[in-house]
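The file run.pdb comes next; it holds PDB, N, CA and C atoms.
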MODEL        1
ATOM      1  N   MET A   1       0.279 -14.280  27.387
ATOM      2  CA  MET A   1      -0.409 -14.884  26.257
ATOM      3  C   MET A   1      -0.632 -13.816  25.200
ATOM      4  N   SER A   2      -0.228 -14.096  23.980
ATOM      5  CA  SER A   2      -0.425 -13.132  22.899
ATOM      6  C   SER A   2      -1.647 -13.531  22.082
ATOM      7  N   THR A   3      -2.277 -12.524  21.550
ATOM      8  CA  THR A   3      -3.461 -12.740  20.735
ATOM      9  C   THR A   3      -3.235 -12.141  19.364
ATOM     10  N   ASN A   4      -3.532 -12.905  18.338
ATOM     11  CA  ASN A   4      -3.433 -12.400  16.972
ATOM     12  C   ASN A   4      -4.820 -12.070  16.464
ATOM     13  N   THR A   5      -4.946 -10.917  15.853
ATOM     14  CA  THR A   5      -6.206 -10.561  15.217
ATOM     15  C   THR A   5      -6.009 -10.602  13.716
ATOM     16  N   ALA A   6      -6.960 -11.168  13.045
ATOM     17  CA  ALA A   6      -6.864 -11.270  11.587
ATOM     18  C   ALA A   6      -7.109  -9.908  10.969
ATOM     19  N   GLN A   7      -6.240  -9.537  10.043
ATOM     20  CA  GLN A   7      -6.430  -8.303   9.297
ATOM     21  C   GLN A   7      -6.236  -8.599   7.825
ATOM     22  N   SER A   8      -6.970  -7.879   7.035
ATOM     23  CA  SER A   8      -6.793  -7.995   5.596
ATOM     24  C   SER A   8      -6.376  -6.634   5.060
ATOM     25  N   ARG A   9      -5.816  -6.650   3.890
ATOM     26  CA  ARG A   9      -5.391  -5.407   3.250
ATOM     27  C   ARG A   9      -6.224  -5.174   2.020
ATOM     28  N   THR A  10      -6.540  -3.938   1.795
ATOM     29  CA  THR A  10      -7.205  -3.530   0.577
ATOM     30  C   THR A  10      -6.190  -2.772  -0.257
ATOM     31  N   VAL A  11      -6.001  -3.196  -1.490
ATOM     32  CA  VAL A  11      -5.069  -2.529  -2.400
ATOM     33  C   VAL A  11      -5.803  -1.387  -3.084
ATOM     34  N   LEU A  12      -5.295  -0.179  -2.902
ATOM     35  CA  LEU A  12      -5.897   0.987  -3.535
ATOM     36  C   LEU A  12      -5.362   1.199  -4.945
ATOM     37  N   GLU A  13      -4.064   0.922  -5.132
ATOM     38  CA  GLU A  13      -3.430   1.160  -6.427
ATOM     39  C   GLU A  13      -2.112   0.401  -6.478
ATOM     40  N   GLY A  14      -1.688   0.037  -7.676
ATOM     41  CA  GLY A  14      -0.414  -0.643  -7.867
ATOM     42  C   GLY A  14       0.446   0.122  -8.855
ATOM     43  N   PHE A  15       1.761   0.111  -8.630
ATOM     44  CA  PHE A  15       2.714   0.811  -9.483
ATOM     45  C   PHE A  15       3.862  -0.123  -9.800
ATOM     46  N   PRO A  16       4.276  -0.242 -11.070
ATOM     47  CA  PRO A  16       5.359  -1.156 -11.440
ATOM     48  C   PRO A  16       6.673  -0.776 -10.759
ATOM     49  N   ALA A  17       7.353  -1.762 -10.219
ATOM     50  CA  ALA A  17       8.627  -1.514  -9.541
ATOM     51  C   ALA A  17       9.716  -1.105 -10.522
ATOM     52  N   GLY A  18       9.593  -1.486 -11.777
ATOM     53  CA  GLY A  18      10.606  -1.151 -12.768
ATOM     54  C   GLY A  18      10.462   0.232 -13.375
ATOM     55  N   ALA A  19       9.524   1.011 -12.895
ATOM     56  CA  ALA A  19       9.321   2.354 -13.430
ATOM     57  C   ALA A  19      10.552   3.224 -13.151
ATOM     58  N   PRO A  20      10.825   4.209 -14.000
ATOM     59  CA  PRO A  20      12.020   5.048 -13.839
ATOM     60  C   PRO A  20      12.105   5.763 -12.488
ATOM     61  N   ARG A  21      10.971   6.095 -11.901
ATOM     62  CA  ARG A  21      10.986   6.825 -10.638
ATOM     63  C   ARG A  21      10.889   5.897  -9.423
ATOM     64  N   GLY A  22      10.918   4.597  -9.638
ATOM     65  CA  GLY A  22      10.877   3.648  -8.525
ATOM     66  C   GLY A  22       9.586   3.732  -7.736
ATOM     67  N   SER A  23       9.708   3.855  -6.431
ATOM     68  CA  SER A  23       8.528   3.864  -5.559
ATOM     69  C   SER A  23       7.904   5.248  -5.408
ATOM     70  N   TRP A  24       8.504   6.277  -5.961
ATOM     71  CA  TRP A  24       7.990   7.633  -5.768
ATOM     72  C   TRP A  24       6.522   7.795  -6.135
ATOM     73  N   PRO A  25       6.063   7.316  -7.297
ATOM     74  CA  PRO A  25       4.636   7.487  -7.602
ATOM     75  C   PRO A  25       3.728   6.843  -6.549
ATOM     76  N   ALA A  26       4.124   5.684  -6.058
ATOM     77  CA  ALA A  26       3.334   5.023  -5.026
ATOM     78  C   ALA A  26       3.348   5.835  -3.734
ATOM     79  N   GLU A  27       4.511   6.352  -3.362
ATOM     80  CA  GLU A  27       4.623   7.162  -2.143
ATOM     81  C   GLU A  27       3.796   8.443  -2.262
ATOM     82  N   GLU A  28       3.813   9.055  -3.441
ATOM     83  CA  GLU A  28       3.034  10.273  -3.659
ATOM     84  C   GLU A  28       1.534   9.977  -3.577
ATOM     85  N   TYR A  29       1.118   8.863  -4.160
ATOM     86  CA  TYR A  29      -0.293   8.479  -4.120
ATOM     87  C   TYR A  29      -0.717   8.198  -2.681
ATOM     88  N   ALA A  30       0.114   7.479  -1.934
ATOM     89  CA  ALA A  30      -0.204   7.176  -0.531
ATOM     90  C   ALA A  30      -0.286   8.460   0.287
ATOM     91  N   ALA A  31       0.611   9.399   0.047
ATOM     92  CA  ALA A  31       0.583  10.673   0.772
ATOM     93  C   ALA A  31      -0.705  11.442   0.480
ATOM     94  N   ALA A  32      -1.133  11.430  -0.777
ATOM     95  CA  ALA A  32      -2.388  12.106  -1.141
ATOM     96  C   ALA A  32      -3.575  11.439  -0.441
ATOM     97  N   GLN A  33      -3.552  10.122  -0.329
ATOM     98  CA  GLN A  33      -4.625   9.407   0.363
ATOM     99  C   GLN A  33      -4.635   9.746   1.851
ATOM    100  N   ARG A  34      -3.448   9.870   2.451
ATOM    101  CA  ARG A  34      -3.371  10.229   3.867
ATOM    102  C   ARG A  34      -3.911  11.630   4.105
ATOM    103  N   LEU A  35      -3.676  12.548   3.156
ATOM    104  CA  LEU A  35      -4.228  13.900   3.285
ATOM    105  C   LEU A  35      -5.753  13.880   3.278
ATOM    106  N   ARG A  36      -6.331  12.880   2.637
ATOM    107  CA  ARG A  36      -7.787  12.715   2.586
ATOM    108  C   ARG A  36      -8.324  11.936   3.782
ATOM    109  N   GLY A  37      -7.427  11.522   4.679
ATOM    110  CA  GLY A  37      -7.866  10.820   5.883
ATOM    111  C   GLY A  37      -7.796   9.306   5.820
ATOM    112  N   THR A  38      -7.246   8.760   4.736
ATOM    113  CA  THR A  38      -7.105   7.310   4.599
ATOM    114  C   THR A  38      -5.705   6.913   5.047
ATOM    115  N   ASN A  39      -5.598   5.951   5.930
ATOM    116  CA  ASN A  39      -4.307   5.524   6.461
ATOM    117  C   ASN A  39      -3.606   4.587   5.473
ATOM    118  N   ALA A  40      -3.160   5.131   4.366
ATOM    119  CA  ALA A  40      -2.542   4.347   3.295
ATOM    120  C   ALA A  40      -1.042   4.242   3.505
ATOM    121  N   ARG A  41      -0.479   3.109   3.054
ATOM    122  CA  ARG A  41       0.967   2.919   3.105
ATOM    123  C   ARG A  41       1.399   2.112   1.893
ATOM    124  N   VAL A  42       2.690   2.132   1.629
ATOM    125  CA  VAL A  42       3.245   1.444   0.463
ATOM    126  C   VAL A  42       3.932   0.166   0.920
ATOM    127  N   VAL A  43       3.639  -0.916   0.220
ATOM    128  CA  VAL A  43       4.313  -2.199   0.444
ATOM    129  C   VAL A  43       4.809  -2.713  -0.901
ATOM    130  N   MET A  44       5.807  -3.571  -0.857
ATOM    131  CA  MET A  44       6.342  -4.169  -2.079
ATOM    132  C   MET A  44       5.766  -5.568  -2.218
ATOM    133  N   ASP A  45       5.173  -5.843  -3.370
ATOM    134  CA  ASP A  45       4.680  -7.182  -3.676
ATOM    135  C   ASP A  45       5.705  -7.837  -4.594
ATOM    136  N   LEU A  46       6.511  -8.726  -4.025
ATOM    137  CA  LEU A  46       7.573  -9.363  -4.801
ATOM    138  C   LEU A  46       7.022 -10.275  -5.884
ATOM    139  N   ARG A  47       5.885 -10.893  -5.630
ATOM    140  CA  ARG A  47       5.299 -11.816  -6.604
ATOM    141  C   ARG A  47       4.953 -11.107  -7.908
ATOM    142  N   THR A  48       4.387  -9.901  -7.805
ATOM    143  CA  THR A  48       3.981  -9.167  -9.005
ATOM    144  C   THR A  48       4.973  -8.073  -9.392
ATOM    145  N   ASP A  49       6.031  -7.885  -8.580
ATOM    146  CA  ASP A  49       7.034  -6.843  -8.826
ATOM    147  C   ASP A  49       6.381  -5.470  -8.933
ATOM    148  N   GLN A  50       5.560  -5.159  -7.914
ATOM    149  CA  GLN A  50       4.861  -3.877  -7.871
ATOM    150  C   GLN A  50       4.941  -3.274  -6.472
ATOM    151  N   PHE A  51       4.887  -1.944  -6.447
ATOM    152  CA  PHE A  51       4.668  -1.231  -5.199
ATOM    153  C   PHE A  51       3.159  -1.069  -5.077
ATOM    154  N   LEU A  52       2.597  -1.517  -3.967
ATOM    155  CA  LEU A  52       1.159  -1.436  -3.754
ATOM    156  C   LEU A  52       0.852  -0.420  -2.663
ATOM    157  N   VAL A  53      -0.159   0.388  -2.902
ATOM    158  CA  VAL A  53      -0.666   1.290  -1.879
ATOM    159  C   VAL A  53      -1.836   0.564  -1.232
ATOM    160  N   VAL A  54      -1.710   0.309   0.068
ATOM    161  CA  VAL A  54      -2.700  -0.503   0.778
ATOM    162  C   VAL A  54      -3.217   0.211   2.013
ATOM    163  N   VAL A  55      -4.383  -0.246   2.459
ATOM    164  CA  VAL A  55      -4.928   0.130   3.752
ATOM    165  C   VAL A  55      -5.270  -1.160   4.480
ATOM    166  N   ASP A  56      -5.040  -1.172   5.780
ATOM    167  CA  ASP A  56      -5.407  -2.321   6.588
ATOM    168  C   ASP A  56      -6.865  -2.189   6.993
ATOM    169  N   SER A  57      -7.568  -3.298   6.941
ATOM    170  CA  SER A  57      -8.961  -3.316   7.381
ATOM    171  C   SER A  57      -9.137  -4.504   8.305
ATOM    172  N   PRO A  58      -9.958  -4.374   9.346
ATOM    173  CA  PRO A  58     -10.138  -5.472  10.281
ATOM    174  C   PRO A  58     -10.712  -6.705   9.592
ATOM    175  N   GLY A  59     -10.243  -7.852   9.994
ATOM    176  CA  GLY A  59     -10.759  -9.106   9.447
ATOM    177  C   GLY A  59     -12.101  -9.446  10.023
ATOM    178  N   HIS A  60     -12.772 -10.375   9.401
ATOM    179  CA  HIS A  60     -14.102 -10.778   9.873
ATOM    180  C   HIS A  60     -14.028 -12.104  10.574
TER
ENDMDL
END
Could you rewrite the structure in this file as structure tokens?
Amino acid sequence: MSTNTAQSRTVLEGFPAGAPRGSWPAEEYAAAQRLRGTNARVVMDLRTDQFLVVVDSPGH
């Protein structure tokens, strides 16, 4: 039996996908957040055409 736990994401920052450097600014921002102890990662939001730096937080 598998159990799903609800999780939500908090968006720390968004970067336009059409930028000349692509996802690099988002990756650099996420790396800086990880150095500070925040488990940040980059995801692509197709609806808004942005790279988002997010952290997962437990659902309520």
So which one's closest to Asn39 (chain A), A:Thr10, A:Asp56, A:Pro20, A:Phe51? Using all atoms listed in the file, please.
A:Asp56
Could you list, as an MDAnalysis selection string, every residue within 10 Å of Glu27 (chain A), counting only C-alpha atoms and ignoring same-chain residues fewer than 5 positions away?
chainID A and resid 15 22 32:33 40:43 51:53
Could you work out how far CA of Arg21 (chain A) lies from CA of Ser8 (chain A), giving the answer in Å with one decimal?
28.3 Å
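Atom to atom, CA of Ala30 (chain A) and atom N of Ser57 (chain A) stand 14.8 Å apart.
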Expand the PyMOL selection byres ((chain A and resi 16) around 6) into the individual residues it matches in the shown file, reporting them as a ChimeraX atom specification.
/A:14-15,17-19,49-51
